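Written below as structure tokens is the structure these notes are about.
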Amino acid sequence: MGKKILLEHIDKPGIKSYEVYRQNGGYNSVEKALKEMKPSDIVEEVKKSGLRGRGGAGFPAGMKWSFIDKKSGNPRYLVCNADESEPGTFKDRYLMEFIPHLLIEGMITSSIALESNLGFIYIRGEYKWIKKILEQAISEARAAGWLGHNILGTGYSLELVVHPGAGAYICGEETALLESLEGKRGNPRIKPPFPAVKGLYGNPTVVNNVETIATVPWIINNGGDAYAKIGIGRSTGTKLISACGNINKPGVYEIELGLPVEEFLNSDEYCGGVHNGKMLKAVVAGGSSVPILPAELFLKTKKGESRLMSYESLSDGGFESGTMLGSGGFIVYDEDQCIVRNTWNFSRFYHHESCGQCSPCREGTGWMEKVLHNLESGHGKMSDIDLLWDIQKKIDGNTICPLGDAAAWPVASAIRHFREEFEWHIEYTHEAQKRNYGLLKSTKEFFAASVV
Amino acid sequence: MKVTIDGVEIEVEPGTTIMNAARKVGGDIVPPAMCYYTSLPGSGGKCRACLVKVAQGSTADPRPMPKLVASCCTNVQEGMVVQNITSPEVLETRKGIVEFLLINHPLDCPVCDQAGECDLQNFAFDHGRQQTRYDFERRTFDVINIGEDIKLHMTRCILCYRCTMVADQLTDGREHGILWRGDKSEISTYIQKAVENDFSGNMIDVCPVGALTDKHFRFRNRVWFLNPMDSHRDCKKCSGKVVLWMRGNEVYRITGRKDQYNELKEFICNDCRFENYDVKNWIIEGPREIANESVINSNHYEHGTKALPKELFSKINNEKWENV
Ligand SMILES: Cc1cc2nc3c(=O)[nH]c(=O)nc-3n(C[C@H](O)[C@H](O)[C@H](O)COP(=O)(O)O)c2cc1C
Ligand code: SF4
Ligand code: SF4
Ligand code: SF4
Ligand code: FES
């Protein structure tokens, strides 16, 4: 069994309730943070822990906290990003739904560190019932004296507000989220200024993912050094992975970073292998935005090393032969899945979710979707492949926010690695409407070689 | 601060954007702007037409920036080295931007009032490719009236957000301006509220394309057949400094005064713009040099005295005029 930090108590009956959560050591970190530590000590511990943002970009949390402007004397805000809408990612939902007090405890300790007196949890609009769960948890915590005015008699006060989104993926981008929270249209802002300097209502703000914040209580209780000992290299600690697709045991798993991908995929403790005894075709390792990899590049890096579930190992080889840990949305494709169809499906999502502010993303995402739809429905031309490549290249890196890149990467990686399948789709139009391409030649060779 | 743009070194104030530094130099190295507008705070960053390459971030940190940056909203640093037209990557990307802006654009220039003074037309002419690679149905919208004086051809809109920013500045209430998202976005009729404002006509002038048009001028003439005349009147609401677009002694339309980047420095009121078509209401200063050369207007504006009706001369007492 790997180390469990976030899900340590998840199976305790009644852990959703305040009483059981408290009996299992819940809210101890708040007491410690308020009575035994200075805010700067907490920031220091989080820095030492090496905790990296779990929302996708993997930016070190302690460093982000230390950028926050405390000198201006303006109010500071902590905003929890619970907008979780990336296709394939459903880990925050699990935490909030089944152990809501962990997030509330994390919000309190993180707010203490940032010396903030007002915090927001911006939750995906479709998670309506979870909003109620969180609000219930907040009122329980308040009744127990962990929130409100003059907490534990220390003079520190904090209020938390849960705010629902209205069904837009783009509002998960931190600056669009802040706009939305302010009641405006959810368009990403042009950076700089970064939220740490000018965030919510123009005041210094930290935006962190649910999982990032929920990790803070453990770090306060056990120390940053203890956290840094878990995991591998600069990928410290544990990570929630939401696994889905053609596997025997889809679900949310907490893994120690550095776990070999093969073990994660095949062991019964986690995914339990590809279902129905099928062959592995491809994996999207970190949510729909990260590059898709064919089985052989997913299992082994270009250098021939076994890949690990860590930021560094998954991105080994750059975009040429690697991918990213992203937000931990792990999607598995077996030999019967169609990459062209999958790519079209992803592009449809990004087209639908583009805010439309900047021209490459607004126009390019729709164009890619239309071309891919043609390919998938048997109306493609050979030149469409190069056209798609050119469109994604003109979007990538040229937009206001990373949604443009996120729309470009799945298309780029699908063409980079699965070009032969695209060509087959166009050349054998009728057959492609009846059956799927199956494994790439290189994947078949890889598996043939590893059997010997 | 010293910056180098396409090999030209220039000294600018800290806090200057790359765009404005380039404009200080002028000429070909000025990046095209389809959304940035000097007098509209918050504008810029959206069209991505002005992307440039930063080959050296600053003297202190000489690393190049990893991505192209929007020159209209990136400040210069001491020792920054910028490449605009000297970077093939920038030019290639710009070609892509034109293409993106055009895939859903009707390109109905022959029946578009903006033709001849259209930023998109110029941009496409300078950077576009000859043929479209887009063979899908284009997005279309119905033409709508917004208020008495303005018509919106949403189909031609490039979503630069300028008009919504004008609307924002005119009304106390917050204006959302845009409805829906992605390529379904459209200018919201919320701006109807702003349209009742005395300065709403400026939305027509800030629009880089033929999406917002002057209902009094629609289809009446081609801009390159008209004589632009700097003129003014006493106005309680605005500076009263306008351009009369005339043919013979008939005033076809009235606009604010645009500079070489097609920007108004002063907004004018609707009284001046829509209510004073009688030439007698104006003091004519003289013909306006149209600094912003465009594809269609080049050599078409008839400068000079000859084309001007005699009876106007009595009003003219301007040095510039006498020197012509
Ligand atoms: C289009 C888009 C959607 C995003 N959606 C989410 C999201 O749902 N949840 C999240 O935590 N971060 C999301 N992010 C990342 C956030 O912008 C931000 O980096 C993150 O909330 C920072 O928290 P962290 O440092 O704790 O990871 C998204 C980013 C983009 C560009
Ligand atoms: S990249 Fe897309 S989502 Fe992001 S600001 Fe531009 S149009 Fe909006
Ligand atoms: S807006 Fe410009 S490019 Fe578009 S139709 Fe009118 S003149 Fe042509
Ligand atoms: S109507 Fe004109 S000014 Fe307004 S957003 Fe569209 S192109 Fe820009
Ligand atoms: S002018 Fe800079 S992005 Fe539009």
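Letters A, B, ... mark the chains of the structure tokens in the order given; residue numbers begin at 1 per chain; ligand numbers begin at 1, in order shown.
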
Nearby polymer residues, ligand 5, at most 12 Å, only C-alpha atoms and all ligand atoms, as a CSV table (one decimal) with N, CA, C and O atoms, in the first residue's frame:
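Okay, result23.csv is ready:
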```
chain,number,residue,atom,x,y,z
A,190,ILE,N,-5.4,39.6,-19.1
A,190,ILE,CA,-4.1,39.6,-19.6
A,190,ILE,C,-3.0,39.7,-18.5
A,190,ILE,O,-3.2,40.6,-17.7
A,357,GLN,N,-12.2,35.4,-26.8
A,357,GLN,CA,-11.6,36.7,-26.7
A,357,GLN,C,-10.5,36.9,-27.7
A,357,GLN,O,-10.3,38.0,-28.3
A,358,CYS,N,-9.7,35.9,-27.9
A,358,CYS,CA,-8.6,36.1,-28.9
A,358,CYS,C,-8.7,35.3,-30.1
A,358,CYS,O,-9.2,34.1,-30.1
A,359,SER,N,-8.3,35.9,-31.3
A,359,SER,CA,-8.7,35.3,-32.5
A,359,SER,C,-8.2,33.9,-32.8
A,359,SER,O,-8.9,33.1,-33.4
A,360,PRO,N,-6.9,33.5,-32.5
A,360,PRO,CA,-6.5,32.2,-32.8
A,360,PRO,C,-7.3,31.1,-32.2
A,360,PRO,O,-7.7,30.1,-32.8
A,398,ASN,N,0.2,31.3,-29.0
A,398,ASN,CA,-0.2,32.7,-29.5
A,398,ASN,C,-1.4,33.3,-28.9
A,398,ASN,O,-2.0,34.2,-29.4
A,399,THR,N,-1.9,32.7,-27.8
A,399,THR,CA,-3.2,33.1,-27.3
A,399,THR,C,-3.0,33.8,-25.9
A,399,THR,O,-1.9,33.8,-25.3
A,400,ILE,N,-4.1,34.3,-25.4
A,400,ILE,CA,-4.1,35.0,-24.1
A,400,ILE,C,-3.9,34.0,-22.9
A,400,ILE,O,-3.1,34.2,-22.0
B,17,THR,N,4.8,50.6,-23.7
B,17,THR,CA,4.7,49.2,-24.4
B,17,THR,C,5.6,49.2,-25.6
B,17,THR,O,6.0,50.2,-26.2
B,18,ILE,N,5.8,47.9,-26.0
B,18,ILE,CA,6.6,47.7,-27.3
B,18,ILE,C,6.0,48.5,-28.4
B,18,ILE,O,6.6,49.1,-29.2
B,19,MET,N,4.6,48.3,-28.5
B,19,MET,CA,3.9,49.0,-29.6
B,19,MET,C,4.1,50.5,-29.6
B,19,MET,O,4.4,51.0,-30.7
B,20,ASN,N,4.0,51.1,-28.4
B,20,ASN,CA,4.2,52.6,-28.4
B,20,ASN,C,5.6,53.0,-28.7
B,20,ASN,O,5.9,54.0,-29.2
B,30,VAL,N,6.3,49.3,-37.1
B,30,VAL,CA,5.2,49.4,-36.2
B,30,VAL,C,4.3,48.2,-36.4
B,30,VAL,O,3.8,48.0,-37.5
B,31,PRO,N,4.0,47.4,-35.4
B,31,PRO,CA,3.2,46.2,-35.5
B,31,PRO,C,1.7,46.6,-35.8
B,31,PRO,O,1.3,47.7,-35.3
B,32,PRO,N,1.0,45.9,-36.6
B,32,PRO,CA,-0.4,46.2,-36.9
B,32,PRO,C,-1.2,46.0,-35.6
B,32,PRO,O,-0.9,45.2,-34.8
B,33,ALA,N,-2.2,46.8,-35.5
B,33,ALA,CA,-3.1,46.7,-34.3
B,33,ALA,C,-4.6,46.6,-34.7
B,33,ALA,O,-5.0,47.5,-35.4
B,34,MET,N,-5.2,45.6,-34.4
B,34,MET,CA,-6.6,45.4,-34.7
B,34,MET,C,-7.5,45.6,-33.5
B,34,MET,O,-8.7,45.7,-33.6
B,35,CYS,N,-7.0,45.6,-32.3
B,35,CYS,CA,-7.8,45.8,-31.1
B,35,CYS,C,-7.4,46.9,-30.2
B,35,CYS,O,-8.2,47.5,-29.5
B,36,TYR,N,-6.0,47.1,-30.1
B,36,TYR,CA,-5.5,48.1,-29.2
B,36,TYR,C,-6.0,49.5,-29.7
B,36,TYR,O,-6.0,49.8,-30.9
B,37,TYR,N,-6.3,50.3,-28.7
B,37,TYR,CA,-6.8,51.7,-29.1
B,37,TYR,C,-6.3,52.6,-28.0
B,37,TYR,O,-6.8,52.5,-26.8
B,38,THR,N,-5.4,53.5,-28.3
B,38,THR,CA,-4.8,54.3,-27.2
B,38,THR,C,-5.7,54.9,-26.2
B,38,THR,O,-5.5,54.8,-25.0
B,42,GLY,N,-7.7,49.5,-21.2
B,42,GLY,CA,-8.2,48.1,-21.2
B,42,GLY,C,-8.2,47.4,-22.5
B,42,GLY,O,-8.4,46.2,-22.6
B,43,SER,N,-8.1,48.2,-23.6
B,43,SER,CA,-8.1,47.6,-24.9
B,43,SER,C,-6.8,46.9,-25.2
B,43,SER,O,-5.8,47.2,-24.6
B,44,GLY,N,-6.8,46.0,-26.2
B,44,GLY,CA,-5.6,45.4,-26.6
B,44,GLY,C,-5.5,44.0,-26.1
B,44,GLY,O,-6.2,43.5,-25.2
B,45,GLY,N,-4.6,43.2,-26.7
B,45,GLY,CA,-4.3,41.8,-26.2
B,45,GLY,C,-5.2,40.8,-26.9
B,45,GLY,O,-4.9,39.6,-26.7
B,46,LYS,N,-6.2,41.2,-27.6
B,46,LYS,CA,-7.2,40.2,-28.1
B,46,LYS,C,-6.9,39.7,-29.5
B,46,LYS,O,-7.1,38.5,-29.7
B,47,CYS,N,-6.6,40.6,-30.4
B,47,CYS,CA,-6.6,40.2,-31.8
B,47,CYS,C,-5.3,39.3,-32.1
B,47,CYS,O,-5.3,38.5,-33.0
B,48,ARG,N,-4.3,39.6,-31.4
B,48,ARG,CA,-3.0,38.9,-31.6
B,48,ARG,C,-2.3,39.3,-32.9
B,48,ARG,O,-1.3,38.6,-33.3
B,49,ALA,N,-2.7,40.4,-33.5
B,49,ALA,CA,-2.1,40.8,-34.8
B,49,ALA,C,-0.7,41.4,-34.5
B,49,ALA,O,0.1,41.4,-35.4
B,50,CYS,N,-0.6,41.9,-33.3
B,50,CYS,CA,0.7,42.7,-33.0
B,50,CYS,C,1.7,41.8,-32.3
B,50,CYS,O,2.7,42.3,-31.8
B,51,LEU,N,1.6,40.5,-32.4
B,51,LEU,CA,2.6,39.6,-31.7
B,51,LEU,C,4.0,39.9,-32.3
B,51,LEU,O,4.1,40.0,-33.5
B,52,VAL,N,5.0,40.0,-31.4
B,52,VAL,CA,6.4,40.2,-31.9
B,52,VAL,C,7.2,39.2,-31.1
B,52,VAL,O,6.8,38.6,-30.1
B,68,LEU,N,5.9,34.3,-28.5
B,68,LEU,CA,5.7,35.6,-29.0
B,68,LEU,C,4.9,36.4,-28.1
B,68,LEU,O,4.0,35.8,-27.4
B,69,VAL,N,5.1,37.7,-28.0
B,69,VAL,CA,4.3,38.5,-27.0
B,69,VAL,C,3.4,39.6,-27.8
B,69,VAL,O,3.8,40.0,-28.8
B,70,ALA,N,2.3,39.9,-27.2
B,70,ALA,CA,1.5,41.0,-27.7
B,70,ALA,C,2.2,42.3,-27.5
B,70,ALA,O,2.3,42.7,-26.3
B,71,SER,N,2.6,43.0,-28.5
B,71,SER,CA,3.4,44.2,-28.3
B,71,SER,C,2.5,45.3,-27.7
B,71,SER,O,3.1,46.2,-27.1
B,72,CYS,N,1.2,45.3,-27.8
B,72,CYS,CA,0.4,46.3,-27.3
B,72,CYS,C,0.2,46.3,-25.8
B,72,CYS,O,-0.2,47.2,-25.2
B,73,CYS,N,0.5,45.1,-25.2
B,73,CYS,CA,0.4,45.1,-23.8
B,73,CYS,C,1.6,44.4,-23.1
B,73,CYS,O,1.4,43.8,-22.0
B,74,THR,N,2.7,44.6,-23.7
B,74,THR,CA,4.0,44.1,-23.1
B,74,THR,C,4.9,45.3,-22.9
B,74,THR,O,5.2,46.0,-23.9
B,94,ARG,N,1.6,36.0,-38.1
B,94,ARG,CA,0.7,37.1,-38.5
B,94,ARG,C,-0.2,36.6,-39.7
B,94,ARG,O,-1.4,36.9,-39.8
B,97,ILE,N,-2.9,34.8,-38.2
B,97,ILE,CA,-3.9,35.6,-37.6
B,97,ILE,C,-4.8,36.2,-38.6
B,97,ILE,O,-6.0,36.2,-38.4
B,98,VAL,N,-4.3,36.6,-39.7
B,98,VAL,CA,-5.2,37.1,-40.8
B,98,VAL,C,-6.1,36.0,-41.2
B,98,VAL,O,-7.3,36.3,-41.3
B,101,LEU,N,-8.8,35.6,-38.7
B,101,LEU,CA,-9.8,36.7,-38.7
B,101,LEU,C,-10.7,36.6,-39.9
B,101,LEU,O,-11.8,37.1,-39.9
B,119,ASP,N,-9.3,48.5,-41.5
B,119,ASP,CA,-8.0,47.9,-40.9
B,119,ASP,C,-7.9,46.5,-41.3
B,119,ASP,O,-6.8,46.0,-41.5
B,120,LEU,N,-9.0,45.8,-41.4
B,120,LEU,CA,-8.9,44.4,-41.8
B,120,LEU,C,-8.4,44.2,-43.2
B,120,LEU,O,-7.6,43.3,-43.6
B,123,PHE,N,-4.8,45.0,-43.3
B,123,PHE,CA,-4.1,43.9,-42.7
B,123,PHE,C,-4.0,42.7,-43.6
B,123,PHE,O,-2.9,42.1,-43.7
B,158,ILE,N,-15.0,41.6,-35.7
B,158,ILE,CA,-13.8,40.8,-35.4
B,158,ILE,C,-13.6,40.7,-33.9
B,158,ILE,O,-12.6,40.2,-33.4
B,159,LEU,N,-14.6,41.1,-33.1
B,159,LEU,CA,-14.6,41.0,-31.7
B,159,LEU,C,-13.4,41.6,-31.0
B,159,LEU,O,-12.7,41.0,-30.2
B,160,CYS,N,-13.1,42.8,-31.5
B,160,CYS,CA,-11.9,43.5,-30.9
B,160,CYS,C,-12.3,44.1,-29.5
B,160,CYS,O,-11.4,44.6,-28.8
B,161,TYR,N,-13.6,44.2,-29.2
B,161,TYR,CA,-14.1,44.7,-27.9
B,161,TYR,C,-14.0,46.2,-27.8
B,161,TYR,O,-14.4,46.8,-26.8
B,162,ARG,N,-13.5,46.9,-28.9
B,162,ARG,CA,-13.4,48.4,-28.7
B,162,ARG,C,-14.7,49.1,-28.4
B,162,ARG,O,-14.8,49.9,-27.6
B,208,PRO,N,-12.8,48.8,-36.2
B,208,PRO,CA,-11.8,48.6,-37.2
B,208,PRO,C,-12.3,48.1,-38.5
B,208,PRO,O,-11.6,48.2,-39.5
B,261,TYR,N,-2.6,56.0,-37.1
B,261,TYR,CA,-2.9,54.6,-36.7
B,261,TYR,C,-4.5,54.4,-36.7
B,261,TYR,O,-5.0,53.5,-36.1
```

Shell of 9 Å around ligand 2 (only C-alpha atoms and all ligand atoms), written as a PyMOL selection string: (chain A and resi 169-170+173+176+186-190+350-351+353-363+365+395+398-407) or (chain B and resi 46+181-183)

Grab the residues selected above and save them as a compact mmCIF listing (two decimals), in the first residue's frame with N, CA, C and O atoms.
```txt
# COMPACT_ATOMS: atom_id res chain seq x y z
N TYR A 169 -15.98 25.88 -18.69
CA TYR A 169 -14.65 25.33 -18.41
C TYR A 169 -13.65 26.46 -18.24
O TYR A 169 -12.76 26.40 -17.38
N ILE A 170 -13.79 27.51 -19.03
CA ILE A 170 -12.80 28.58 -19.00
C ILE A 170 -12.73 29.25 -17.63
O ILE A 170 -11.71 29.81 -17.25
N GLU A 173 -9.73 28.64 -15.45
CA GLU A 173 -8.49 29.41 -15.62
C GLU A 173 -8.52 30.50 -14.56
O GLU A 173 -9.52 31.19 -14.43
N ALA A 176 -9.87 34.10 -15.28
CA ALA A 176 -11.29 34.07 -15.70
C ALA A 176 -12.15 33.78 -14.48
O ALA A 176 -13.23 34.35 -14.31
N GLY A 186 -16.70 35.66 -17.78
CA GLY A 186 -15.49 34.90 -17.46
C GLY A 186 -14.45 34.89 -18.56
O GLY A 186 -14.15 33.85 -19.11
N ASN A 187 -13.89 36.04 -18.86
CA ASN A 187 -12.79 36.12 -19.82
C ASN A 187 -11.47 36.14 -19.06
O ASN A 187 -11.34 36.93 -18.12
N PRO A 188 -10.50 35.35 -19.45
CA PRO A 188 -9.19 35.43 -18.80
C PRO A 188 -8.61 36.84 -18.93
O PRO A 188 -8.86 37.54 -19.91
N ARG A 189 -7.87 37.24 -17.90
CA ARG A 189 -7.22 38.55 -17.94
C ARG A 189 -5.87 38.42 -18.62
O ARG A 189 -5.31 37.34 -18.70
N ILE A 190 -5.38 39.57 -19.06
CA ILE A 190 -4.06 39.59 -19.65
C ILE A 190 -3.05 39.72 -18.52
O ILE A 190 -3.18 40.59 -17.66
N TYR A 350 -13.04 21.82 -26.81
CA TYR A 350 -12.33 23.10 -26.73
C TYR A 350 -13.02 24.18 -27.57
O TYR A 350 -13.02 25.35 -27.21
N HIS A 351 -13.57 23.77 -28.70
CA HIS A 351 -14.32 24.72 -29.51
C HIS A 351 -15.49 25.28 -28.70
O HIS A 351 -15.74 26.47 -28.66
N GLU A 353 -15.77 25.47 -25.53
CA GLU A 353 -15.41 26.15 -24.28
C GLU A 353 -14.55 27.39 -24.48
O GLU A 353 -14.29 28.11 -23.51
N SER A 354 -14.07 27.65 -25.68
CA SER A 354 -13.28 28.86 -25.90
C SER A 354 -14.09 30.09 -25.52
O SER A 354 -15.27 30.18 -25.85
N CYS A 355 -13.47 31.03 -24.83
CA CYS A 355 -14.22 32.22 -24.44
C CYS A 355 -14.41 33.15 -25.62
O CYS A 355 -15.29 33.99 -25.62
N GLY A 356 -13.55 33.02 -26.63
CA GLY A 356 -13.72 33.81 -27.83
C GLY A 356 -13.05 35.16 -27.81
O GLY A 356 -13.26 35.99 -28.68
N GLN A 357 -12.22 35.37 -26.81
CA GLN A 357 -11.58 36.67 -26.69
C GLN A 357 -10.49 36.89 -27.73
O GLN A 357 -10.34 37.96 -28.28
N CYS A 358 -9.67 35.86 -27.94
CA CYS A 358 -8.56 36.10 -28.87
C CYS A 358 -8.74 35.27 -30.14
O CYS A 358 -9.23 34.15 -30.11
N SER A 359 -8.31 35.85 -31.26
CA SER A 359 -8.70 35.29 -32.55
C SER A 359 -8.15 33.88 -32.82
O SER A 359 -8.89 33.07 -33.38
N PRO A 360 -6.90 33.55 -32.45
CA PRO A 360 -6.46 32.20 -32.81
C PRO A 360 -7.31 31.11 -32.18
O PRO A 360 -7.66 30.11 -32.83
N CYS A 361 -7.67 31.29 -30.92
CA CYS A 361 -8.45 30.27 -30.23
C CYS A 361 -9.90 30.31 -30.67
O CYS A 361 -10.51 29.28 -30.96
N ARG A 362 -10.47 31.50 -30.75
CA ARG A 362 -11.88 31.62 -31.14
C ARG A 362 -12.14 30.96 -32.49
O ARG A 362 -13.06 30.18 -32.65
N GLU A 363 -11.31 31.30 -33.47
CA GLU A 363 -11.55 30.80 -34.83
C GLU A 363 -10.89 29.44 -35.05
O GLU A 363 -11.44 28.58 -35.73
N THR A 365 -10.16 26.90 -32.97
CA THR A 365 -10.75 25.71 -32.35
C THR A 365 -11.93 25.21 -33.18
O THR A 365 -12.09 24.00 -33.35
N ILE A 395 -2.10 28.29 -33.33
CA ILE A 395 -2.78 28.60 -32.07
C ILE A 395 -1.80 28.51 -30.91
O ILE A 395 -1.72 29.40 -30.06
N ASN A 398 0.17 31.34 -28.99
CA ASN A 398 -0.16 32.67 -29.49
C ASN A 398 -1.43 33.26 -28.88
O ASN A 398 -1.99 34.22 -29.41
N THR A 399 -1.89 32.68 -27.79
CA THR A 399 -3.18 33.11 -27.25
C THR A 399 -3.02 33.78 -25.88
O THR A 399 -1.93 33.78 -25.31
N ILE A 400 -4.11 34.31 -25.38
CA ILE A 400 -4.08 35.00 -24.09
C ILE A 400 -3.90 34.01 -22.95
O ILE A 400 -3.10 34.23 -22.05
N CYS A 401 -4.65 32.93 -22.98
CA CYS A 401 -4.58 31.99 -21.86
C CYS A 401 -4.24 30.60 -22.40
O CYS A 401 -4.26 30.37 -23.60
N PRO A 402 -3.92 29.67 -21.51
CA PRO A 402 -3.48 28.35 -21.99
C PRO A 402 -4.58 27.48 -22.60
O PRO A 402 -4.30 26.38 -23.02
N LEU A 403 -5.83 27.95 -22.65
CA LEU A 403 -6.84 27.11 -23.29
C LEU A 403 -6.51 26.89 -24.77
O LEU A 403 -6.74 25.83 -25.32
N GLY A 404 -5.94 27.90 -25.38
CA GLY A 404 -5.53 27.76 -26.78
C GLY A 404 -4.52 26.63 -26.93
O GLY A 404 -4.66 25.77 -27.80
N ASP A 405 -3.51 26.63 -26.06
CA ASP A 405 -2.51 25.56 -26.09
C ASP A 405 -3.16 24.22 -25.83
O ASP A 405 -2.86 23.22 -26.47
N ALA A 406 -4.07 24.22 -24.85
CA ALA A 406 -4.74 22.97 -24.47
C ALA A 406 -5.57 22.41 -25.61
O ALA A 406 -5.77 21.21 -25.72
N ALA A 407 -6.05 23.29 -26.48
CA ALA A 407 -6.80 22.83 -27.65
C ALA A 407 -5.86 22.32 -28.72
O ALA A 407 -6.19 21.41 -29.48
N LYS B 46 -6.20 41.21 -27.61
CA LYS B 46 -7.17 40.22 -28.07
C LYS B 46 -6.94 39.70 -29.49
O LYS B 46 -7.07 38.51 -29.73
N ARG B 181 -20.22 32.83 -26.05
CA ARG B 181 -18.76 32.71 -25.99
C ARG B 181 -18.23 32.05 -27.25
O ARG B 181 -18.99 31.60 -28.10
N GLY B 182 -16.90 32.01 -27.33
CA GLY B 182 -16.24 31.39 -28.47
C GLY B 182 -16.65 32.04 -29.77
O GLY B 182 -16.90 33.25 -29.82
N ASP B 183 -16.74 31.24 -30.84
CA ASP B 183 -17.06 31.86 -32.13
C ASP B 183 -18.56 32.15 -32.27
O ASP B 183 -19.01 32.59 -33.31
```

Selected residue of minimal separation from chain B among A:Lys239, A:Lys302, A:Arg185, A:Lys47, counting only C-alpha atoms: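 Closest to chain B, using only C-alpha atoms: A:Arg185.
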
Distance in Å - atom CA of Gly202 of chain A versus atom CA of Pro75 of chain A: 9.7 Å

Selection as a VMD selection string: residues within 6 Å of ligand 3 by only C-alpha atoms and all ligand atoms: chain B and resid 107 to 109 112 114 to 115 118 120 to 121 156 209 to 210

Non-local contacts of segment 247-263 of chain A (9 Å; only C-alpha atoms; under 3 positions in same chain excluded) as a PyMOL selection string: chain A and resi 2-7+90-91+94+230-233+235-244+266-276+298-299+306-311+313+331-334

Those of segment 44-242 of chain B in DSSP strand (DSSP E), formatted as a ChimeraX atom specification: /B:51-56,69-70,80-83,143-146,150-153,178-179,186-187,212-214,227-232,241-242

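Atom CA of Leu102 of chain B is found 23.5 Å from atom CA of Ile150 of chain B.
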
At most 7 Å from ligand 1 (only C-alpha atoms and all ligand atoms): residue list as a ChimeraX atom specification: /A:52-61,81-86,169-174,207-210,212,401-403

Residue list (helix (DSSP H, G or I), DSSP) for segment 53-271 of chain B, as a ChimeraX atom specification: /B:71-73,88-103,109-111,119-127,154-156,162-170,182-184,191-195,202-206,223-225,270-271

Could the residues in this selection be written to a file with C-alpha atoms, as a CSV table (one decimal), in the first residue's frame?
```
chain,number,residue,atom,x,y,z
B,71,SER,CA,3.4,44.2,-28.3
B,72,CYS,CA,0.4,46.3,-27.3
B,73,CYS,CA,0.4,45.1,-23.8
B,88,PRO,CA,10.1,35.2,-40.1
B,89,GLU,CA,8.3,33.5,-37.2
B,90,VAL,CA,6.4,36.7,-36.5
B,91,LEU,CA,5.5,37.2,-40.1
B,92,GLU,CA,4.3,33.6,-40.5
B,93,THR,CA,2.2,33.8,-37.3
B,94,ARG,CA,0.7,37.1,-38.5
B,95,LYS,CA,-0.3,35.3,-41.7
B,96,GLY,CA,-2.1,32.8,-39.5
B,97,ILE,CA,-3.9,35.6,-37.6
B,98,VAL,CA,-5.2,37.1,-40.8
B,99,GLU,CA,-6.4,33.8,-41.8
B,100,PHE,CA,-8.2,33.2,-38.5
B,101,LEU,CA,-9.8,36.7,-38.7
B,102,LEU,CA,-11.0,36.0,-42.2
B,103,ILE,CA,-12.3,32.4,-42.0
B,109,CYS,CA,-16.0,44.6,-49.4
B,110,PRO,CA,-17.8,45.7,-52.5
B,111,VAL,CA,-20.9,46.5,-50.5
B,119,ASP,CA,-8.0,47.9,-40.9
B,120,LEU,CA,-8.9,44.4,-41.8
B,121,GLN,CA,-8.6,45.0,-45.5
B,122,ASN,CA,-5.2,46.6,-45.0
B,123,PHE,CA,-4.1,43.9,-42.7
B,124,ALA,CA,-5.1,41.1,-45.0
B,125,PHE,CA,-3.5,42.9,-48.0
B,126,ASP,CA,-0.2,43.2,-46.1
B,127,HIS,CA,-0.1,39.8,-44.5
B,154,MET,CA,-22.3,41.4,-36.6
B,155,THR,CA,-21.1,39.1,-39.4
B,156,ARG,CA,-18.2,41.5,-40.1
B,162,ARG,CA,-13.4,48.4,-28.7
B,163,CYS,CA,-17.0,49.4,-29.0
B,164,THR,CA,-17.9,47.8,-25.7
B,165,MET,CA,-15.1,49.8,-24.1
B,166,VAL,CA,-16.5,53.0,-25.6
B,167,ALA,CA,-19.9,51.9,-24.2
B,168,ASP,CA,-18.3,51.2,-20.8
B,169,GLN,CA,-16.8,54.6,-20.6
B,170,LEU,CA,-20.1,56.3,-21.6
B,182,GLY,CA,-16.2,31.4,-28.5
B,183,ASP,CA,-17.1,31.9,-32.1
B,184,LYS,CA,-20.7,32.3,-31.2
B,191,ILE,CA,-25.0,48.5,-25.7
B,192,GLN,CA,-28.3,49.8,-26.7
B,193,LYS,CA,-28.3,51.6,-23.4
B,194,ALA,CA,-25.0,53.3,-24.3
B,195,VAL,CA,-26.3,54.0,-27.7
B,202,ASN,CA,-17.7,57.1,-31.6
B,203,MET,CA,-18.3,53.4,-31.6
B,204,ILE,CA,-18.5,53.7,-35.4
B,205,ASP,CA,-15.1,55.4,-35.5
B,206,VAL,CA,-13.3,52.9,-33.2
B,223,VAL,CA,-15.0,57.1,-48.9
B,224,TRP,CA,-12.3,57.5,-51.6
B,225,PHE,CA,-14.6,59.8,-53.7
B,270,ASN,CA,-23.5,62.9,-31.6
B,271,ASP,CA,-24.8,66.5,-32.3
```

Point-to-point distance in Å for atom CA of Leu103 of chain A and atom CA of Lys48 of chain A: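 So the two atoms, atom CA of Lys48 of chain A and atom CA of Leu103 of chain A, lie 21.0 Å apart.
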
Test item: residues at most 8 Å from segment 135-143 of chain A, only C-alpha atoms, excluding those fewer than 4 positions along its chain, as JSON, numbers by chain: {"A": [17, 18, 100, 101, 104, 131, 147, 148, 160, 162]}
